[in-house]
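*Asks:* Below is the structure I would like to discuss, written out as structure tokens.
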Amino acid sequence: MRDLYDCLVSNMTEFAEENIVLEGFLCPICKVDFGLDLKLFLHFQEAHGEDQDLVKSFKELFGKAKEKILNNDIVKKEERRYVWEPQEIGEVKSHIQHFKNCRNKWVEHFVMETNKTVIRLEKLLCNLPQDPNKRKAHEKTIVQWLDGTDVKRCPDCTKSFNITRRQHHCRLCGSIVCHECSCFLPLSKAYETINETIQNPMDFASQSLPSFRLCIHCGQVLENREQIKYRDQKPPMCDYYDKIMECKNKIENDLLIKFNQVYNLLKEGELSYLFEANKIRSDIVKLIETIDALSNRILKMENNSNSSKTTSKNIKLAMIHYVRSTVLAIPALPSHQEIEEIAKRKREALDARLRNGQDLCMDKNNLSVKNKQNRTSKNGAILKLEDGWSPVTNANVNSDNPMVEQMNIIKNYIKQAKEAHRFDEVASLERNLQELNEEYFKMQNNSDNTSDY
Amino acid sequence: MANRAVPQRPNGQTPGKICQFKLVLLGESSVGKSSLVLRFVKGQFHEYQESTIGAAFLTQTIHLNDVAVKFEIWDTAGQERYHSLAPMYYRGAQAAIVVYDITNQDTFERAKNWVKELQRQATPGIVIALAGNKLDLNNMRSVQTDESQTYAYENGLLFMETSAKTSANVTEIFKAIAEKLPKNETTNAAQQGRRLVESEAGNKSLSSCCK
Ligand SMILES: Nc1nc2c(ncn2[C@@H]2O[C@H](COP(=O)(O)OP(=O)(O)OP(=O)(O)O)[C@@H](O)[C@H]2O)c(=O)[nH]1
Ligand SMILES: [Mg+2]
Ligand SMILES: [Zn+2]
Ligand SMILES: [Zn+2]
Ligand SMILES: [Zn+2]
């Protein structure tokens, strides 16, 4: 402690003695303060650049000085470099909304442009004259054509227009492009785009060019629109698959549940449910047939892609499996006779129970009556059940040793037997507990003996 | 003093006695031992019966004519871990029900082993009943009735196929055991550790017990 204190004090006095302290962006050679790091650096390269070693060492010095000035940063940098312990996650911010906003702008823009283009196309197609000259005039009234006099080059490929590379107008936006930078929209496709068929195809049959010239940009807009249309369109097998799923749902969530209920009732001897059970059963079979037919139709469908071929095959396989497992899960209905048999047995059991119940009442009220009854039915042994007693096994008895576990169980049983005033049971249980204790000690001794040798 | 507690019997009939018997259930885990007992004692059945820990204790009395037979039932756990406990419960038992599951051949083999063990280690004269449980699953049966019946006959066992679920033959098997249990030789009973308890209504004559 002392040493450290002395050292500190002496250091401080040293600092105090060095009275003139220069601060700032000083050139180490001319000791001029440049005020800005960049200025100092430029000065140094200009004035003292011939000495490369010095420049290098100065750069280092400069770097250190900078670090010292931005003291906090060093610490952080060093931490980042050397401390690899897991770091807590700082502030977290969702950028989804921002992304959506940006995206929405684009989507809106795109949708608007597409819609405008389609509307223009609609107008173009409305009352389109057949005569080429009249048609051109018509086209010009819908979309204003750009004046080509000042356009010297194609805006797309920047090649200059001349006799061989002529100017062409896009019919949808009126801009000027060269032939290579344009494309044609066949009339039939144009009608398709606006969801109409050609009213009178023969009208256009004689025409040499039944199509519109478009700039690549407008062509792309329409092309994209078509693709999106197809993207949202489900493949035709989906309809069938949905129907299959409907059937499956109906079977699983409705019919099978009902069937099981009715089936259990039949097993209880309720004959009146036999008709309904048969009906539900045949309904299930019908649905299974439908599923089979639908999956066959999917399989036979013309699938152009390989992936949809495997899909349809897999659907068929899954359905075969499903149909099999469902059919197997439906138990055969008991026959009319069997159900009657069950009902008969049940009635008998009920009668017996009723007799026993009467016995029980009489036992409580009048012993002599019971005895008389017993005498009258001496041959058929009268069976009477009392309400039995059973303690609850609490699950908290776990131990590594099953014997200890059992002792805990029995202790708990004894408690319950006492509470229930079951003194015979208490006695039996206590005897068992003692046996367990003896057995346990025997076991302990044995294991002690064996471990001794 | 004594007269107060003893109701007078106008016809002078021999009053009923209570015979108490210790009965143990043995068998592979999940064959339905607890379910059988629960059906017999409480008239209940649980589709999701929890596996027994150690050995459970239940009592039930059945009245055979004017004899009350009280069973002290020890329902042992079938799990391997508790096998060391079983001898403590079949020792001194007057009756045993060895249970197997008719849909599972292995449990039948295990039952035979239990029978062997009982014949070697348990009290001589113990009444052993073999119960082929889960009769309601008859369509999944893998142990044929003939097979078990022959086996039971050869080994002098009572045999019944039962279902704790539908309660088929459950009371019947206990009743059959009760009927087969010897009920009059007091000396023999004492040797076997059977306790004879006079009912409150009974007279003092021990020899006339359980006629
Ligand atoms: N279908 C049917 N199931 C039964 C029958 N008896 C028992 N079970 C079922 O079988 C399963 C096991 O029954 P338990 O009574 O716990 O079997 P356990 O022999 O006591 O088993 P441990 O206590 O592990 O030795 C339970 O899910 C019961 O619902 C029966 O007669 N029919
Ligand atoms: Mg159990
Ligand atoms: Zn300088
Ligand atoms: Zn265009
Ligand atoms: Zn071009």
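Each chain in the structure tokens gets a letter, A, B, ..., in the order shown, and its residues are numbered from 1; ligands are numbered from 1 in order too.
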When the cut-off is 9 Å and you count only C-alpha atoms and all ligand atoms, which residues lie near ligand 4, shown as JSON, numbers by chain?

*Replies:* {"A": [117, 169, 170, 171, 172, 173, 174, 175, 176, 177, 182, 213, 214, 215, 216, 217, 218, 219]}

*Asks:* Give me, as a PyMOL selection string, the set of residues whose atoms come within 8 Å of any atom of ligand 2, counting only C-alpha atoms and all ligand atoms.

*Replies:* chain B and resi 29-30+32-35+49-53+56+75-78

*Asks:* So that I have them on file, write out the residues from the current selection with N, CA, C and O atoms, as a PDB file, in the first residue's frame.

*Replies:*
```pdb
ATOM      1  N   SER B  29     -47.869 -57.115 -15.275  1.00  0.00           N
ATOM      2  CA  SER B  29     -48.406 -55.762 -15.230  1.00  0.00           C
ATOM      3  C   SER B  29     -49.422 -55.545 -16.349  1.00  0.00           C
ATOM      4  O   SER B  29     -49.284 -56.090 -17.438  1.00  0.00           O
ATOM      5  N   SER B  30     -50.456 -54.779 -16.023  1.00  0.00           N
ATOM      6  CA  SER B  30     -51.516 -54.347 -16.957  1.00  0.00           C
ATOM      7  C   SER B  30     -52.379 -55.487 -17.518  1.00  0.00           C
ATOM      8  O   SER B  30     -53.019 -55.316 -18.538  1.00  0.00           O
ATOM      9  N   GLY B  32     -54.799 -56.425 -15.718  1.00  0.00           N
ATOM     10  CA  GLY B  32     -56.093 -55.990 -15.195  1.00  0.00           C
ATOM     11  C   GLY B  32     -56.382 -56.462 -13.780  1.00  0.00           C
ATOM     12  O   GLY B  32     -57.552 -56.585 -13.392  1.00  0.00           O
ATOM     13  N   LYS B  33     -55.345 -56.681 -13.002  1.00  0.00           N
ATOM     14  CA  LYS B  33     -55.548 -57.106 -11.603  1.00  0.00           C
ATOM     15  C   LYS B  33     -56.322 -56.031 -10.827  1.00  0.00           C
ATOM     16  O   LYS B  33     -57.357 -56.303 -10.217  1.00  0.00           O
ATOM     17  N   SER B  34     -55.791 -54.822 -10.859  1.00  0.00           N
ATOM     18  CA  SER B  34     -56.441 -53.740 -10.119  1.00  0.00           C
ATOM     19  C   SER B  34     -57.856 -53.514 -10.622  1.00  0.00           C
ATOM     20  O   SER B  34     -58.765 -53.218  -9.845  1.00  0.00           O
ATOM     21  N   SER B  35     -58.008 -53.644 -11.961  1.00  0.00           N
ATOM     22  CA  SER B  35     -59.334 -53.421 -12.529  1.00  0.00           C
ATOM     23  C   SER B  35     -60.329 -54.460 -12.021  1.00  0.00           C
ATOM     24  O   SER B  35     -61.482 -54.131 -11.727  1.00  0.00           O
ATOM     25  N   GLN B  49     -56.662 -47.070 -15.898  1.00  0.00           N
ATOM     26  CA  GLN B  49     -56.281 -47.473 -14.557  1.00  0.00           C
ATOM     27  C   GLN B  49     -54.775 -47.293 -14.391  1.00  0.00           C
ATOM     28  O   GLN B  49     -53.993 -47.724 -15.216  1.00  0.00           O
ATOM     29  N   GLU B  50     -54.392 -46.610 -13.324  1.00  0.00           N
ATOM     30  CA  GLU B  50     -52.957 -46.401 -13.119  1.00  0.00           C
ATOM     31  C   GLU B  50     -52.298 -47.673 -12.621  1.00  0.00           C
ATOM     32  O   GLU B  50     -52.878 -48.449 -11.870  1.00  0.00           O
ATOM     33  N   SER B  51     -51.064 -47.849 -13.077  1.00  0.00           N
ATOM     34  CA  SER B  51     -50.320 -49.037 -12.669  1.00  0.00           C
ATOM     35  C   SER B  51     -50.074 -48.983 -11.161  1.00  0.00           C
ATOM     36  O   SER B  51     -49.771 -47.936 -10.602  1.00  0.00           O
ATOM     37  N   THR B  52     -50.220 -50.143 -10.531  1.00  0.00           N
ATOM     38  CA  THR B  52     -50.142 -50.179  -9.068  1.00  0.00           C
ATOM     39  C   THR B  52     -48.708 -49.998  -8.576  1.00  0.00           C
ATOM     40  O   THR B  52     -47.766 -50.487  -9.192  1.00  0.00           O
ATOM     41  N   ILE B  53     -48.578 -49.296  -7.458  1.00  0.00           N
ATOM     42  CA  ILE B  53     -47.283 -49.161  -6.795  1.00  0.00           C
ATOM     43  C   ILE B  53     -47.300 -50.111  -5.604  1.00  0.00           C
ATOM     44  O   ILE B  53     -48.237 -50.081  -4.802  1.00  0.00           O
ATOM     45  N   ALA B  56     -51.616 -52.859  -3.251  1.00  0.00           N
ATOM     46  CA  ALA B  56     -52.756 -52.120  -2.726  1.00  0.00           C
ATOM     47  C   ALA B  56     -53.607 -53.048  -1.869  1.00  0.00           C
ATOM     48  O   ALA B  56     -53.596 -54.265  -2.057  1.00  0.00           O
ATOM     49  N   ASP B  75     -53.630 -56.463  -3.738  1.00  0.00           N
ATOM     50  CA  ASP B  75     -53.470 -56.338  -5.182  1.00  0.00           C
ATOM     51  C   ASP B  75     -52.014 -55.937  -5.441  1.00  0.00           C
ATOM     52  O   ASP B  75     -51.640 -54.791  -5.272  1.00  0.00           O
ATOM     53  N   THR B  76     -51.215 -56.928  -5.838  1.00  0.00           N
ATOM     54  CA  THR B  76     -49.784 -56.632  -5.991  1.00  0.00           C
ATOM     55  C   THR B  76     -49.504 -55.958  -7.320  1.00  0.00           C
ATOM     56  O   THR B  76     -50.297 -56.049  -8.260  1.00  0.00           O
ATOM     57  N   ALA B  77     -48.368 -55.258  -7.379  1.00  0.00           N
ATOM     58  CA  ALA B  77     -47.955 -54.585  -8.613  1.00  0.00           C
ATOM     59  C   ALA B  77     -47.286 -55.610  -9.517  1.00  0.00           C
ATOM     60  O   ALA B  77     -46.489 -56.418  -9.065  1.00  0.00           O
ATOM     61  N   GLY B  78     -47.644 -55.581 -10.786  1.00  0.00           N
ATOM     62  CA  GLY B  78     -47.068 -56.535 -11.721  1.00  0.00           C
ATOM     63  C   GLY B  78     -45.687 -56.141 -12.214  1.00  0.00           C
ATOM     64  O   GLY B  78     -44.960 -56.955 -12.766  1.00  0.00           O
TER      65      GLY B  78
END
```

*Asks:* Residues of chain B within 9 Å of chain A, counting only C-alpha atoms, what are they? List them as an mmCIF file with N, CA and C atoms, in the first residue's frame.

*Replies:*
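Written file, part26.cif:
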```
data_model
loop_
_atom_site.group_PDB
_atom_site.id
_atom_site.type_symbol
_atom_site.label_atom_id
_atom_site.label_comp_id
_atom_site.auth_asym_id
_atom_site.auth_seq_id
_atom_site.Cartn_x
_atom_site.Cartn_y
_atom_site.Cartn_z
ATOM 1 N N ARG B 9 -82.871 -63.487 18.837
ATOM 2 C CA ARG B 9 -83.340 -64.128 17.604
ATOM 3 C C ARG B 9 -84.569 -64.956 17.954
ATOM 4 N N PRO B 10 -85.684 -64.509 17.471
ATOM 5 C CA PRO B 10 -86.912 -65.171 17.869
ATOM 6 C C PRO B 10 -86.955 -66.641 17.445
ATOM 7 N N ASN B 11 -86.383 -66.921 16.295
ATOM 8 C CA ASN B 11 -86.493 -68.301 15.842
ATOM 9 C C ASN B 11 -85.322 -69.175 16.289
ATOM 10 N N GLN B 13 -82.325 -69.313 15.329
ATOM 11 C CA GLN B 13 -81.399 -69.751 14.279
ATOM 12 C C GLN B 13 -79.937 -69.476 14.647
ATOM 13 N N PRO B 15 -76.744 -67.796 14.198
ATOM 14 C CA PRO B 15 -76.469 -66.529 13.531
ATOM 15 C C PRO B 15 -75.289 -66.633 12.568
ATOM 16 N N LEU B 38 -61.100 -53.579 -8.410
ATOM 17 C CA LEU B 38 -61.903 -52.363 -8.343
ATOM 18 C C LEU B 38 -63.355 -52.664 -8.734
ATOM 19 N N PHE B 40 -64.791 -55.546 -8.367
ATOM 20 C CA PHE B 40 -65.374 -56.374 -7.318
ATOM 21 C C PHE B 40 -65.698 -55.551 -6.074
ATOM 22 N N VAL B 41 -64.814 -54.626 -5.737
ATOM 23 C CA VAL B 41 -64.980 -53.890 -4.487
ATOM 24 C C VAL B 41 -65.868 -52.664 -4.649
ATOM 25 N N LYS B 42 -65.684 -51.951 -5.777
ATOM 26 C CA LYS B 42 -66.406 -50.686 -5.938
ATOM 27 C C LYS B 42 -67.409 -50.702 -7.081
ATOM 28 N N GLY B 43 -67.362 -51.766 -7.879
ATOM 29 C CA GLY B 43 -68.260 -51.806 -9.033
ATOM 30 C C GLY B 43 -67.879 -50.812 -10.107
ATOM 31 N N THR B 52 -50.220 -50.143 -10.531
ATOM 32 C CA THR B 52 -50.142 -50.179 -9.068
ATOM 33 C C THR B 52 -48.708 -49.998 -8.576
ATOM 34 N N ILE B 53 -48.578 -49.296 -7.458
ATOM 35 C CA ILE B 53 -47.283 -49.161 -6.795
ATOM 36 C C ILE B 53 -47.300 -50.111 -5.604
ATOM 37 N N GLY B 54 -46.271 -50.926 -5.493
ATOM 38 C CA GLY B 54 -46.171 -51.825 -4.344
ATOM 39 C C GLY B 54 -47.311 -52.826 -4.315
ATOM 40 N N ALA B 55 -48.148 -52.733 -3.310
ATOM 41 C CA ALA B 55 -49.319 -53.593 -3.236
ATOM 42 C C ALA B 55 -50.456 -52.785 -2.619
ATOM 43 N N ALA B 56 -51.616 -52.859 -3.251
ATOM 44 C CA ALA B 56 -52.756 -52.120 -2.726
ATOM 45 C C ALA B 56 -53.607 -53.048 -1.869
ATOM 46 N N PHE B 57 -54.316 -52.454 -0.932
ATOM 47 C CA PHE B 57 -55.111 -53.239 0.006
ATOM 48 C C PHE B 57 -56.567 -52.842 -0.093
ATOM 49 N N LEU B 58 -57.433 -53.818 -0.246
ATOM 50 C CA LEU B 58 -58.862 -53.535 -0.314
ATOM 51 C C LEU B 58 -59.609 -54.637 0.424
ATOM 52 N N THR B 59 -60.778 -54.293 0.907
ATOM 53 C CA THR B 59 -61.578 -55.349 1.536
ATOM 54 C C THR B 59 -62.973 -55.356 0.942
ATOM 55 N N GLN B 60 -63.545 -56.545 0.898
ATOM 56 C CA GLN B 60 -64.915 -56.688 0.414
ATOM 57 C C GLN B 60 -65.518 -57.930 1.061
ATOM 58 N N THR B 61 -66.758 -57.807 1.401
ATOM 59 C CA THR B 61 -67.446 -58.931 2.030
ATOM 60 C C THR B 61 -68.546 -59.427 1.111
ATOM 61 N N ILE B 62 -68.587 -60.739 0.932
ATOM 62 C CA ILE B 62 -69.739 -61.270 0.209
ATOM 63 C C ILE B 62 -70.482 -62.214 1.138
ATOM 64 N N HIS B 63 -71.762 -62.245 0.942
ATOM 65 C CA HIS B 63 -72.588 -63.103 1.785
ATOM 66 C C HIS B 63 -73.016 -64.303 0.987
ATOM 67 N N LEU B 64 -72.535 -65.456 1.425
ATOM 68 C CA LEU B 64 -72.928 -66.705 0.790
ATOM 69 C C LEU B 64 -73.942 -67.345 1.719
ATOM 70 N N ASN B 65 -75.187 -67.354 1.289
ATOM 71 C CA ASN B 65 -76.241 -67.787 2.204
ATOM 72 C C ASN B 65 -76.114 -66.992 3.501
ATOM 73 N N ASP B 66 -75.939 -67.646 4.639
ATOM 74 C CA ASP B 66 -75.827 -66.819 5.846
ATOM 75 C C ASP B 66 -74.382 -66.724 6.330
ATOM 76 N N ALA B 68 -70.924 -64.682 5.969
ATOM 77 C CA ALA B 68 -70.268 -63.490 5.436
ATOM 78 C C ALA B 68 -68.797 -63.815 5.231
ATOM 79 N N GLU B 72 -59.770 -59.947 2.476
ATOM 80 C CA GLU B 72 -58.741 -58.912 2.578
ATOM 81 C C GLU B 72 -57.862 -59.086 1.359
ATOM 82 N N ARG B 81 -40.097 -54.427 -10.842
ATOM 83 C CA ARG B 81 -39.451 -53.751 -9.712
ATOM 84 C C ARG B 81 -40.018 -54.181 -8.357
ATOM 85 N N TYR B 82 -41.276 -54.604 -8.344
ATOM 86 C CA TYR B 82 -41.920 -54.910 -7.064
ATOM 87 C C TYR B 82 -42.001 -56.402 -6.766
ATOM 88 N N SER B 84 -40.037 -58.424 -5.522
ATOM 89 C CA SER B 84 -39.511 -58.861 -4.224
ATOM 90 C C SER B 84 -40.580 -58.782 -3.134
ATOM 91 N N LEU B 85 -41.613 -57.980 -3.379
ATOM 92 C CA LEU B 85 -42.654 -57.825 -2.356
ATOM 93 C C LEU B 85 -43.652 -58.986 -2.367
ATOM 94 N N MET B 88 -44.189 -61.731 0.382
ATOM 95 C CA MET B 88 -44.761 -61.266 1.641
ATOM 96 C C MET B 88 -46.271 -61.294 1.617
ATOM 97 N N TYR B 89 -46.825 -61.159 0.403
ATOM 98 C CA TYR B 89 -48.279 -61.084 0.319
ATOM 99 C C TYR B 89 -48.926 -62.431 0.037
ATOM 100 N N THR B 171 -67.587 -61.092 -10.017
ATOM 101 C CA THR B 171 -68.087 -61.552 -8.712
ATOM 102 C C THR B 171 -68.056 -63.064 -8.638
ATOM 103 N N LYS B 175 -66.740 -65.488 -5.801
ATOM 104 C CA LYS B 175 -67.717 -66.363 -5.164
ATOM 105 C C LYS B 175 -67.231 -67.805 -5.198
#
```

*Asks:* Quick one: pick out all strand (DSSP E) residues within range 32-175 of chain B from a backbone DSSP run and write them as a PyMOL selection string.

*Replies:* chain B and resi 55-64+67-76+95-101+127-133+158-161

*Asks:* Residues contacting ligand 5 - anything with an atom at most 6 Å away, using only C-alpha atoms and all ligand atoms - can you give me those as a short mmCIF file (atom, residue, chain, number, x, y, z; two decimals) with N, CA, C and O atoms, in the first residue's frame?

*Replies:*
```cif
data_model
loop_
_atom_site.label_atom_id
_atom_site.label_comp_id
_atom_site.auth_asym_id
_atom_site.auth_seq_id
_atom_site.Cartn_x
_atom_site.Cartn_y
_atom_site.Cartn_z
N CYS A 154 -32.67 5.47 -79.77
CA CYS A 154 -33.65 4.66 -79.04
C CYS A 154 -33.35 4.77 -77.55
O CYS A 154 -32.20 4.54 -77.14
N ASP A 156 -33.92 2.93 -75.19
CA ASP A 156 -33.61 1.67 -74.52
C ASP A 156 -32.19 1.21 -74.83
O ASP A 156 -31.40 0.93 -73.93
N CYS A 157 -31.84 1.12 -76.13
CA CYS A 157 -30.53 0.58 -76.48
C CYS A 157 -29.56 1.69 -76.88
O CYS A 157 -28.39 1.41 -77.16
N VAL A 177 -39.43 3.68 -79.59
CA VAL A 177 -38.35 2.68 -79.45
C VAL A 177 -37.98 2.15 -80.82
O VAL A 177 -38.70 2.36 -81.78
N CYS A 178 -36.84 1.44 -80.87
CA CYS A 178 -36.46 0.82 -82.13
C CYS A 178 -37.17 -0.53 -82.25
O CYS A 178 -37.77 -1.01 -81.29
N GLU A 180 -35.96 -3.54 -82.37
CA GLU A 180 -35.45 -4.55 -81.46
C GLU A 180 -35.94 -4.36 -80.03
O GLU A 180 -36.01 -5.32 -79.26
N CYS A 181 -36.19 -3.13 -79.67
CA CYS A 181 -36.62 -2.86 -78.30
C CYS A 181 -38.14 -2.84 -78.19
O CYS A 181 -38.69 -2.26 -77.25
#
```

*Asks:* Using only C-alpha atoms for the distances, tell me which of B:Ala93, B:Ile128, B:Val170, B:Cys19 is nearest to Val69 in chain B.

*Replies:*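 Distance minimum relative to Val69 in chain B lands on B:Cys19.
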
*Asks:* So what do you get for CA of Ser167 in chain B versus CA of Asn412 in chain A, distance-wise?

*Replies:*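 Pair CA of Ser167 in chain B / CA of Asn412 in chain A returns 29.3 Å.
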
*Asks:* Which residues are near ligand 3 - at most 8 Å, using only C-alpha atoms and all ligand atoms? Format: as an MDAnalysis selection string.

*Replies:* chainID A and resid 27:32 40 43:44 47:48

*Asks:* Near range 304-312 of chain A, counting only C-alpha atoms, which residues have an atom at most 8 Å away, once you skip same-chain residues fewer than 5 positions from it, shown as a list in words?

*Replies:* Met237, Ser295, Ile298 and Leu299 of chain A

*Asks:* Restricting the calculation to only C-alpha atoms and all ligand atoms: of B:Val143, B:Ala168, B:Ala176, B:Ile18, which residue gets closest to ligand 1?

*Replies:*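 That would be B:Ala168, the residue with the smallest distance to ligand 1.
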
*Asks:* Using backbone DSSP assignments, extract all helix (DSSP H, G or I) residues from range 72-206 of chain B; output them as a PyMOL selection string.

*Replies:* chain B and resi 80-90+105-121+135-140+145-154+170-180+186-191

*Asks:* Could you check the closest approach to ligand 1 for each of B:Lys17, B:Arg120, B:Lys165, B:Arg141 and tell me which residue wins, using only C-alpha atoms and all ligand atoms?

*Replies:*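 Smallest distance to ligand 1 is found for B:Lys165.
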
*Asks:* Can you pull out every residue within 12 Å of Glu147 in chain B, counting only C-alpha atoms, but drop anything in the same chain fewer than 3 positions away, and send it as a short mmCIF file (atom, residue, chain, number, x, y, z; two decimals) with N, CA and C atoms, in the first residue's frame?

*Replies:*
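Produced file result34.cif, reproduced below:
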```cif
data_model
loop_
_atom_site.label_atom_id
_atom_site.label_comp_id
_atom_site.auth_asym_id
_atom_site.auth_seq_id
_atom_site.Cartn_x
_atom_site.Cartn_y
_atom_site.Cartn_z
N ILE B 102 -56.11 -62.42 -21.88
CA ILE B 102 -56.34 -63.43 -22.94
C ILE B 102 -55.83 -62.95 -24.29
N GLN B 105 -50.32 -63.78 -25.01
CA GLN B 105 -49.82 -65.10 -24.65
C GLN B 105 -48.73 -65.03 -23.57
N PHE B 108 -49.87 -65.18 -20.11
CA PHE B 108 -50.31 -66.51 -19.69
C PHE B 108 -49.12 -67.33 -19.20
N GLU B 109 -47.99 -67.22 -19.93
CA GLU B 109 -46.78 -67.92 -19.51
C GLU B 109 -46.33 -67.41 -18.14
N LYS B 112 -48.42 -68.91 -15.45
CA LYS B 112 -48.03 -70.28 -15.10
C LYS B 112 -46.87 -70.25 -14.11
N GLY B 132 -58.51 -65.47 -16.78
CA GLY B 132 -58.15 -64.96 -18.10
C GLY B 132 -58.95 -63.69 -18.31
N SER B 142 -55.57 -64.34 -27.92
CA SER B 142 -54.45 -65.15 -28.39
C SER B 142 -54.21 -66.36 -27.48
N VAL B 143 -54.93 -66.41 -26.35
CA VAL B 143 -54.84 -67.59 -25.49
C VAL B 143 -56.19 -68.30 -25.57
N GLN B 144 -56.18 -69.53 -26.09
CA GLN B 144 -57.44 -70.25 -26.27
C GLN B 144 -57.97 -70.77 -24.94
N THR B 150 -57.50 -76.71 -19.71
CA THR B 150 -56.75 -77.95 -19.49
C THR B 150 -55.66 -77.73 -18.45
N TYR B 151 -54.94 -76.62 -18.64
CA TYR B 151 -53.85 -76.31 -17.70
C TYR B 151 -54.40 -76.19 -16.27
N ALA B 152 -55.52 -75.50 -16.13
CA ALA B 152 -56.09 -75.28 -14.80
C ALA B 152 -56.53 -76.60 -14.18
N TYR B 153 -57.13 -77.42 -15.04
CA TYR B 153 -57.62 -78.71 -14.56
C TYR B 153 -56.46 -79.56 -14.04
N GLU B 154 -55.38 -79.60 -14.85
CA GLU B 154 -54.22 -80.42 -14.48
C GLU B 154 -53.59 -79.94 -13.19
N PHE B 159 -60.85 -71.92 -12.63
CA PHE B 159 -60.56 -71.16 -13.83
C PHE B 159 -61.80 -70.45 -14.35
#
```

*Asks:* Set the distance at 8 Å and use only C-alpha atoms: which residues neighbour Leu181 in chain B once local chain neighbours fewer than 2 positions away are removed? I'd like the list as a ChimeraX atom specification.

*Replies:* /B:94-95,127,177-179,183

*Asks:* Would you mind listing what lies within 7 Å of Leu135 in chain B as a PyMOL selection string, with only C-alpha atoms counted and same-chain residues fewer than 3 positions away left out?

*Replies:* chain B and resi 102+138+161-163

*Asks:* Closest to ligand 1 among B:Gln119, B:Asn155, B:Asn169, B:Gln149, using only C-alpha atoms and all ligand atoms?

*Replies:*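 Closest residue, counting only C-alpha atoms and all ligand atoms: B:Asn169.
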